[in-house]
2 protein chains.
Amino acid sequence: MTATETASRRNGVDTATLFATLDAVKAQPEIARFQFRATNRWISGTHNRGTINSFYGAGQENTRPADFTFDADHPPVLVGGDNGPTPAEHLLHALAACLTSGLANIAAARGIDLEEVTSTVEGDINLLGILGLDPEVRNGYEAIRVTFHVKGDAEAERLKALVEQSRNRSAVYDVITHGVPVSIDVATA
Amino acid sequence: MTATETASRRNGVDTATLFATLDAVKAQPEIARFQFRATNRWISGTHNRGTINSFYGAGQENTRPADFTFDADHPPVLVGGDNGPTPAEHLLHALAACLTSGLANIAAARGIDLEEVTSTVEGDINLLGILGLDPEVRNGYEAIRVTFHVKGDAEAERLKALVEQSRNRSAVYDVITHGVPVSIDVATA
């Protein structure tokens, strides 16, 4: 971001609108209820395609001009065609993205100009679980590690505090660390 | 899939290789230890880009021929530029994809030809949590619902059982319902 950015736009964040949005939600808390959605269609083998578009929020249905589509697959070593990342990798991406989006908003709100933010997420998984070969091994990741590199116009402790506050307010971090009830229905007609 | 598929290839799944892989892992369980990774780079505001490529697994480093990249952003109603789905939507996609990939493998292993598999995932989230406006509201989804439509050459109960077994063996379902420890480190140099 450049030094010409005004106080109302920092790190690409329109902070005036950000604060106005917060005020609007304070005045009318029911507009904070959102429902996000994803649909998926099986293609072949482990290859399938997810589509993301509409969501409910701010009191109304919202539709994007075009769908976002994302393929998932297994790599050859897991008997797939490598037409996309594994679903478990998509999950790691969601975590890094959530922490990063939050960090940029928080930095803007605190008046800190960011120069560069990169991160790496690693997830350790023992496939004896999902392969059904060891009932003592869980299906999911055993541990996930995130490493951030943050450069900006503030001292190290203030930059580190951005990551900490982003973790404190991250939807995906909360889901991945604490879990959420998931119901599954099936129609076969 | 067509009726010309042989018993060793069903639903696009190479079942001979699938069973051979299972045998290989039974004989050498340490090859089941995988590490998946995602990296992320902040672009501007809530817009950032995830890159997925290498992973460790089957006893070695694995690299794809090209990176998979995925943008994330917030929609305008959440003060973003809508350059990609929200991270919370990417998470829903990961769940649908994982259940679908597993389902196709399980159907192939059980000798069931699939005709069509689609699913929708909905997640309810109250943004009072991530906005820091109500300490009683969690940051993440309050509930997630998945609805599958499965068509194939088996009776309804056997098709429903595919979804149930996929849930029983899904890495992403396990993470999202039970949680995983996540550590976060920050470098500012």
# chains A, B, ... in the order shown; residues from 1 in each chain; ligands from 1
>>> select_by_dssp(residues="stretch 15-153 of chain B", states="alpha helix (DSSP H)", output="VMD selection string")
chain B and resid 15 to 27 87 to 109
>>> residues_around(residues="A:Thr69", least_positions_apart="2", cutoff="9 Å", atoms="only C-alpha atoms", output="PyMOL selection string")
chain A and resi 49-53+67+71
>>> atom_distance(atom1="atom CA of A:Val137", atom2="atom CA of A:Ala38")
28.9 Å
>>> residues_around(residues="stretch 25-28 of chain B", least_positions_apart="3", cutoff="8 Å", atoms="only C-alpha atoms", output="list in words")
Leu128 and Leu133 of chain A; Thr21, Leu22, Ile31 and Ala32 of chain B
>>> closest_atom_pairs(of="stretch 99-135 of chain B", to="stretch 158-179 of chain A", cutoff="12 Å", atoms="only C-alpha atoms", output="Markdown table")
| residue | atom | partner | partner_atom | distance |
| --- | --- | --- | --- | --- |
| B:Gly123 | CA | A:Val175 | CA | 11.0 |
| B:Asp124 | CA | A:Ala171 | CA | 11.3 |
| B:Ile125 | CA | A:Ala171 | CA | 8.6 |
| B:Asn126 | CA | A:Ala171 | CA | 9.9 |
| B:Leu127 | CA | A:Ala171 | CA | 8.9 |
| B:Leu128 | CA | A:Arg169 | CA | 10.3 |
| B:Gly129 | CA | A:Arg169 | CA | 7.3 |
| B:Ile130 | CA | A:Arg169 | CA | 4.7 |
| B:Leu131 | CA | A:Arg169 | CA | 7.3 |
| B:Gly132 | CA | A:Arg169 | CA | 7.3 |
| B:Leu133 | CA | A:Arg169 | CA | 10.8 |
| B:Asp134 | CA | A:Arg169 | CA | 11.6 |
| B:Pro135 | CA | A:Arg169 | CA | 10.8 |
>>> closest_residue(among="A:Gly59, A:Pro65, A:Thr86, A:Thr39", to="chain B", atoms="only C-alpha atoms")
A:Thr39
>>> decode(residues="stretch 30-41 of chain B", atoms="N, CA, C and O atoms", output="PDB file, in the first residue's frame")
ATOM      1  N   GLU B  30       3.756 -47.148   7.739  1.00  0.00           N
ATOM      2  CA  GLU B  30       4.359 -45.813   7.869  1.00  0.00           C
ATOM      3  C   GLU B  30       4.166 -44.970   6.606  1.00  0.00           C
ATOM      4  O   GLU B  30       4.266 -43.740   6.673  1.00  0.00           O
ATOM      5  N   ILE B  31       3.863 -45.592   5.468  1.00  0.00           N
ATOM      6  CA  ILE B  31       3.643 -44.785   4.251  1.00  0.00           C
ATOM      7  C   ILE B  31       2.313 -44.045   4.302  1.00  0.00           C
ATOM      8  O   ILE B  31       2.029 -43.214   3.454  1.00  0.00           O
ATOM      9  N   ALA B  32       1.498 -44.323   5.325  1.00  0.00           N
ATOM     10  CA  ALA B  32       0.216 -43.614   5.460  1.00  0.00           C
ATOM     11  C   ALA B  32       0.364 -42.243   6.112  1.00  0.00           C
ATOM     12  O   ALA B  32      -0.603 -41.493   6.205  1.00  0.00           O
ATOM     13  N   ARG B  33       1.571 -41.902   6.562  1.00  0.00           N
ATOM     14  CA  ARG B  33       1.777 -40.582   7.187  1.00  0.00           C
ATOM     15  C   ARG B  33       1.935 -39.513   6.123  1.00  0.00           C
ATOM     16  O   ARG B  33       2.880 -39.534   5.351  1.00  0.00           O
ATOM     17  N   PHE B  34       0.991 -38.590   6.081  1.00  0.00           N
ATOM     18  CA  PHE B  34       1.001 -37.516   5.090  1.00  0.00           C
ATOM     19  C   PHE B  34       1.115 -36.163   5.790  1.00  0.00           C
ATOM     20  O   PHE B  34       0.714 -36.008   6.954  1.00  0.00           O
ATOM     21  N   GLN B  35       1.665 -35.195   5.054  1.00  0.00           N
ATOM     22  CA  GLN B  35       1.573 -33.801   5.485  1.00  0.00           C
ATOM     23  C   GLN B  35       1.108 -32.988   4.285  1.00  0.00           C
ATOM     24  O   GLN B  35       1.788 -32.934   3.257  1.00  0.00           O
ATOM     25  N   PHE B  36      -0.077 -32.381   4.432  1.00  0.00           N
ATOM     26  CA  PHE B  36      -0.580 -31.488   3.389  1.00  0.00           C
ATOM     27  C   PHE B  36      -0.269 -30.044   3.766  1.00  0.00           C
ATOM     28  O   PHE B  36      -0.071 -29.731   4.950  1.00  0.00           O
ATOM     29  N   ARG B  37      -0.209 -29.174   2.744  1.00  0.00           N
ATOM     30  CA  ARG B  37       0.207 -27.786   2.968  1.00  0.00           C
ATOM     31  C   ARG B  37      -0.575 -26.826   2.078  1.00  0.00           C
ATOM     32  O   ARG B  37      -1.002 -27.194   0.981  1.00  0.00           O
ATOM     33  N   ALA B  38      -0.710 -25.631   2.560  1.00  0.00           N
ATOM     34  CA  ALA B  38      -1.234 -24.534   1.743  1.00  0.00           C
ATOM     35  C   ALA B  38      -0.447 -23.289   2.113  1.00  0.00           C
ATOM     36  O   ALA B  38      -0.098 -23.101   3.282  1.00  0.00           O
ATOM     37  N   THR B  39      -0.142 -22.478   1.127  1.00  0.00           N
ATOM     38  CA  THR B  39       0.463 -21.186   1.427  1.00  0.00           C
ATOM     39  C   THR B  39      -0.516 -20.091   1.006  1.00  0.00           C
ATOM     40  O   THR B  39      -1.451 -20.330   0.224  1.00  0.00           O
ATOM     41  N   ASN B  40      -0.293 -18.909   1.541  1.00  0.00           N
ATOM     42  CA  ASN B  40      -1.211 -17.804   1.258  1.00  0.00           C
ATOM     43  C   ASN B  40      -0.421 -16.506   1.178  1.00  0.00           C
ATOM     44  O   ASN B  40       0.550 -16.312   1.907  1.00  0.00           O
ATOM     45  N   ARG B  41      -0.846 -15.647   0.273  1.00  0.00           N
ATOM     46  CA  ARG B  41      -0.240 -14.318   0.155  1.00  0.00           C
ATOM     47  C   ARG B  41      -1.343 -13.272   0.127  1.00  0.00           C
ATOM     48  O   ARG B  41      -2.282 -13.364  -0.665  1.00  0.00           O
TER      49      ARG B  41
END
